[in-house]
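Structure data (mmCIF, C-alpha atoms and all ligand atoms) from coords.cif:
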```
data_work
loop_
_atom_site.label_atom_id
_atom_site.label_comp_id
_atom_site.auth_asym_id
_atom_site.auth_seq_id
_atom_site.Cartn_x
_atom_site.Cartn_y
_atom_site.Cartn_z
CA MET A 1 131.48 -80.48 13.68
CA ASP A 2 134.34 -78.01 13.64
CA ALA A 3 134.70 -75.02 11.38
CA HIS A 4 137.63 -76.55 9.55
CA THR A 5 135.69 -79.65 8.51
CA HIS A 6 132.75 -77.53 7.47
CA GLY A 7 135.02 -75.24 5.45
CA ARG A 8 136.53 -78.22 3.65
CA ALA A 9 133.10 -79.56 2.67
CA TYR A 10 131.89 -76.13 1.62
CA GLN A 11 135.01 -75.39 -0.46
CA ALA A 12 134.73 -78.75 -2.23
CA ALA A 13 131.12 -78.06 -3.22
CA ALA A 14 131.68 -74.37 -3.97
CA ALA A 15 134.47 -75.11 -6.45
CA VAL A 16 132.18 -77.11 -8.76
CA PRO A 17 132.00 -75.29 -12.09
CA ASP A 18 128.74 -74.63 -13.90
CA PRO A 19 128.53 -77.26 -16.65
CA GLU A 20 127.34 -74.75 -19.23
CA ILE A 21 129.62 -71.85 -18.30
CA PRO A 22 132.74 -73.47 -16.80
CA VAL A 23 134.38 -70.14 -15.90
CA VAL A 24 131.91 -69.66 -13.07
CA THR A 25 131.35 -71.93 -10.10
CA ILE A 26 128.01 -72.83 -8.58
CA ALA A 27 128.96 -70.59 -5.65
CA ASP A 28 129.51 -67.68 -8.08
CA LEU A 29 126.05 -68.26 -9.50
CA GLY A 30 124.45 -68.48 -6.07
CA ILE A 31 123.15 -72.00 -6.77
CA LEU A 32 124.91 -73.43 -3.71
CA ARG A 33 122.86 -72.37 -0.69
CA ASP A 34 124.91 -74.03 2.05
CA VAL A 35 126.66 -77.19 3.13
CA GLU A 36 125.91 -78.84 6.44
CA VAL A 37 128.26 -81.41 7.99
CA GLU A 38 127.00 -84.10 10.34
CA GLY A 39 129.72 -86.57 11.28
CA ASP A 40 131.07 -87.86 7.99
CA LYS A 41 127.97 -86.73 6.10
CA ALA A 42 127.86 -83.55 4.08
CA ILE A 43 124.51 -82.20 2.99
CA ALA A 44 124.71 -79.74 0.12
CA ARG A 45 121.67 -77.58 -0.48
CA LEU A 46 121.26 -76.40 -4.03
CA THR A 47 118.70 -74.17 -5.67
CA PRO A 48 118.48 -74.92 -9.39
CA THR A 49 118.50 -71.94 -11.73
CA TYR A 50 115.25 -73.20 -13.13
CA SER A 51 113.68 -76.61 -12.96
CA GLY A 52 113.81 -77.30 -16.70
CA CYS A 53 117.54 -76.68 -16.86
CA PRO A 54 119.23 -79.93 -17.93
CA ALA A 55 122.34 -78.75 -16.10
CA VAL A 56 120.68 -79.35 -12.73
CA LEU A 57 121.36 -83.10 -12.68
CA ALA A 58 124.91 -82.60 -13.91
CA ILE A 59 125.53 -80.07 -11.12
CA GLU A 60 124.11 -82.37 -8.45
CA LEU A 61 126.27 -85.24 -9.65
CA ALA A 62 129.37 -83.03 -9.71
CA VAL A 63 128.73 -81.80 -6.16
CA GLU A 64 128.24 -85.38 -4.97
CA THR A 65 131.53 -86.38 -6.56
CA ALA A 66 133.37 -83.38 -5.11
CA LEU A 67 132.12 -84.15 -1.58
CA LEU A 68 133.01 -87.82 -1.95
CA GLU A 69 136.53 -86.90 -3.04
CA ALA A 70 136.81 -84.59 -0.03
CA GLY A 71 136.04 -87.59 2.19
CA PHE A 72 132.36 -87.06 2.95
CA GLN A 73 129.21 -89.10 2.48
CA PRO A 74 127.37 -86.72 0.17
CA LYS A 75 123.71 -85.89 0.22
CA ILE A 76 122.06 -83.38 -2.09
CA GLU A 77 118.99 -81.44 -1.13
CA ARG A 78 117.10 -79.33 -3.64
CA VAL A 79 115.86 -76.09 -2.15
CA LEU A 80 113.11 -74.66 -4.31
CA GLU A 81 111.96 -71.89 -1.98
CA PRO A 82 112.88 -69.12 -2.29
CA ALA A 83 113.39 -69.52 -6.02
CA TRP A 84 116.76 -68.66 -7.51
CA THR A 85 117.04 -65.32 -9.23
CA THR A 86 119.88 -63.79 -11.20
CA ASP A 87 120.34 -61.38 -8.28
CA TRP A 88 122.06 -64.22 -6.42
CA ILE A 89 125.00 -64.17 -8.83
CA THR A 90 127.93 -62.73 -6.88
CA PRO A 91 129.84 -59.64 -8.06
CA ALA A 92 132.81 -61.93 -8.81
CA GLY A 93 130.52 -64.19 -10.81
CA ARG A 94 129.26 -61.22 -12.85
CA GLU A 95 132.83 -60.17 -13.65
CA LYS A 96 133.71 -63.70 -14.78
CA LEU A 97 130.63 -63.89 -17.02
CA LYS A 98 131.56 -60.57 -18.60
CA ALA A 99 135.16 -61.64 -19.16
CA TYR A 100 133.82 -64.79 -20.81
CA GLY A 101 131.76 -62.69 -23.24
CA ILE A 102 128.38 -63.24 -21.64
CA ALA A 103 126.48 -60.16 -20.59
CA PRO A 104 125.78 -60.68 -16.89
CA PRO A 105 122.17 -60.27 -15.90
CA LEU A 106 121.29 -56.79 -14.82
CA LYS A 107 121.16 -56.32 -11.10
CA ALA A 108 117.63 -56.65 -9.81
CA SER A 109 116.52 -57.87 -13.20
CA ASN A 110 112.94 -58.76 -12.89
CA SER A 111 112.23 -62.08 -14.49
CA VAL A 112 109.64 -60.93 -16.99
CA ARG A 113 111.65 -57.95 -18.15
CA ALA A 114 114.84 -59.98 -18.44
CA LEU A 115 113.07 -62.71 -20.41
CA PHE A 116 111.38 -60.44 -22.87
CA GLY A 117 114.31 -58.16 -23.39
CA ALA A 118 112.66 -55.00 -22.12
CA THR A 119 115.86 -54.07 -20.31
CA ALA A 120 118.97 -52.51 -21.77
CA VAL A 121 121.63 -55.18 -22.04
CA GLU A 122 125.23 -54.04 -21.97
CA CYS A 123 127.61 -55.41 -24.61
CA PRO A 124 130.33 -57.39 -22.78
CA ARG A 125 132.88 -56.35 -25.42
CA CYS A 126 132.53 -52.58 -25.75
CA GLY A 127 130.12 -51.72 -22.94
CA SER A 128 127.52 -50.13 -25.21
CA VAL A 129 123.92 -50.50 -24.08
CA GLU A 130 122.74 -50.10 -27.67
CA SER A 131 121.92 -53.75 -28.21
CA GLU A 132 119.10 -55.65 -29.78
CA ARG A 133 117.82 -59.11 -29.10
CA VAL A 134 118.36 -61.42 -32.07
CA SER A 135 116.87 -64.56 -30.63
CA GLU A 136 115.14 -65.75 -27.49
CA PHE A 137 117.65 -68.61 -27.32
CA GLY A 138 121.41 -68.34 -27.45
CA SER A 139 123.97 -71.14 -27.21
CA THR A 140 121.86 -72.76 -24.45
CA ALA A 141 118.26 -72.36 -23.36
CA CYS A 142 119.47 -70.23 -20.44
CA LYS A 143 120.82 -67.53 -22.71
CA ALA A 144 119.36 -65.17 -25.27
CA LEU A 145 121.31 -64.02 -28.29
CA TYR A 146 121.89 -60.28 -28.59
CA ARG A 147 123.78 -58.15 -31.05
CA CYS A 148 125.58 -54.95 -30.16
CA MET A 149 124.59 -51.96 -32.33
CA SER A 150 127.93 -50.23 -31.71
CA CYS A 151 130.52 -52.93 -32.39
CA ARG A 152 128.10 -55.20 -34.32
CA GLU A 153 129.22 -58.26 -32.35
CA PRO A 154 126.66 -60.84 -31.28
CA PHE A 155 126.79 -61.98 -27.67
CA ASP A 156 124.93 -64.19 -25.22
CA TYR A 157 122.85 -62.71 -22.45
CA PHE A 158 122.41 -64.88 -19.37
CA LYS A 159 118.67 -64.84 -18.84
CA CYS A 160 118.10 -67.66 -16.38
CA ILE A 161 115.59 -66.48 -13.89
ZN ZN B 1 129.69 -53.85 -28.47
#
```
Now that the file is in, can you turn its structure into structure tokens?
Ligand SMILES: [Zn+2]
Amino acid sequence: MDAHTHGRAYQAAAAVPDPEIPVVTIADLGILRDVEVEGDKAIARLTPTYSGCPAVLAIELAVETALLEAGFQPKIERVLEPAWTTDWITPAGREKLKAYGIAPPLKASNSVRALFGATAVECPRCGSVESERVSEFGSTACKALYRCMSCREPFDYFKCI
């Protein structure tokens, strides 16, 4: 396999958008671990954000389609160890989430603290950390609904662990 072929397979898979937050790609979220090319086969390794996420199947199907369109025989492998954490979201991915109005997960957010809202969550609109959690569930199960105490705007916090 040459680097060019590998790059083409990787780029095809990496460009797949997250079905729930289409402004970020699965590479931005750190879901795409790597892509291996063997002859005309491309093996994409994905780590789901969490196993109950209904988006997982949609993502796998989209990656398969993208690799097919790039001229490869696709194969998807689920990598469950090590488990995905929000720390795998790239800096570019965090910026895109923020621009989209979703508070990006705090760096090194520990799963329990992020889930139960013990951390200060920054308002994506005004940057205030004076926020309160309104609901455990936002627009999808992966997000919690917060409200900013400064600008009074509600916003989603990406809490997938
Ligand atoms: Zn605010």
What are the centre and edge lengths in Å, to one decimal, of the axis-aligned box around all listed atoms of range 131-139 of chain A with 3 Å added on each side, as AutoDock Vina command-line options?
```
--center_x 119.6 --center_y -62.4 --center_z -29.6 --size_x 14.8 --size_y 23.4 --size_z 10.9
```
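Relative to CA of Thr49 in chain A, CA of Ser128 in chain A is found at 27.2 Å.
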Residues near Leu32 in chain A, cut-off 7 Å, all atoms listed in the file, skip fewer than 6 positions along chain, as a list in words: Ala14, Ile26, Arg45, Leu46 and Thr47 of chain A
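Closest approach to ligand ZN 1 (chain B) among A:Leu57, A:Cys123, A:Phe158, A:Ser131: A:Cys123, based on all atoms listed in the file.
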Within-12 Å shell of (133.5, -86.0, 1.8) in input frame, only C-alpha atoms, as number ranges by chain: A: 5-13, 35-44, 63-75
Straight-line distance linking CA of Ile89 in chain A with CA of Thr25 in chain A, stated in Å to one decimal: 10.1 Å
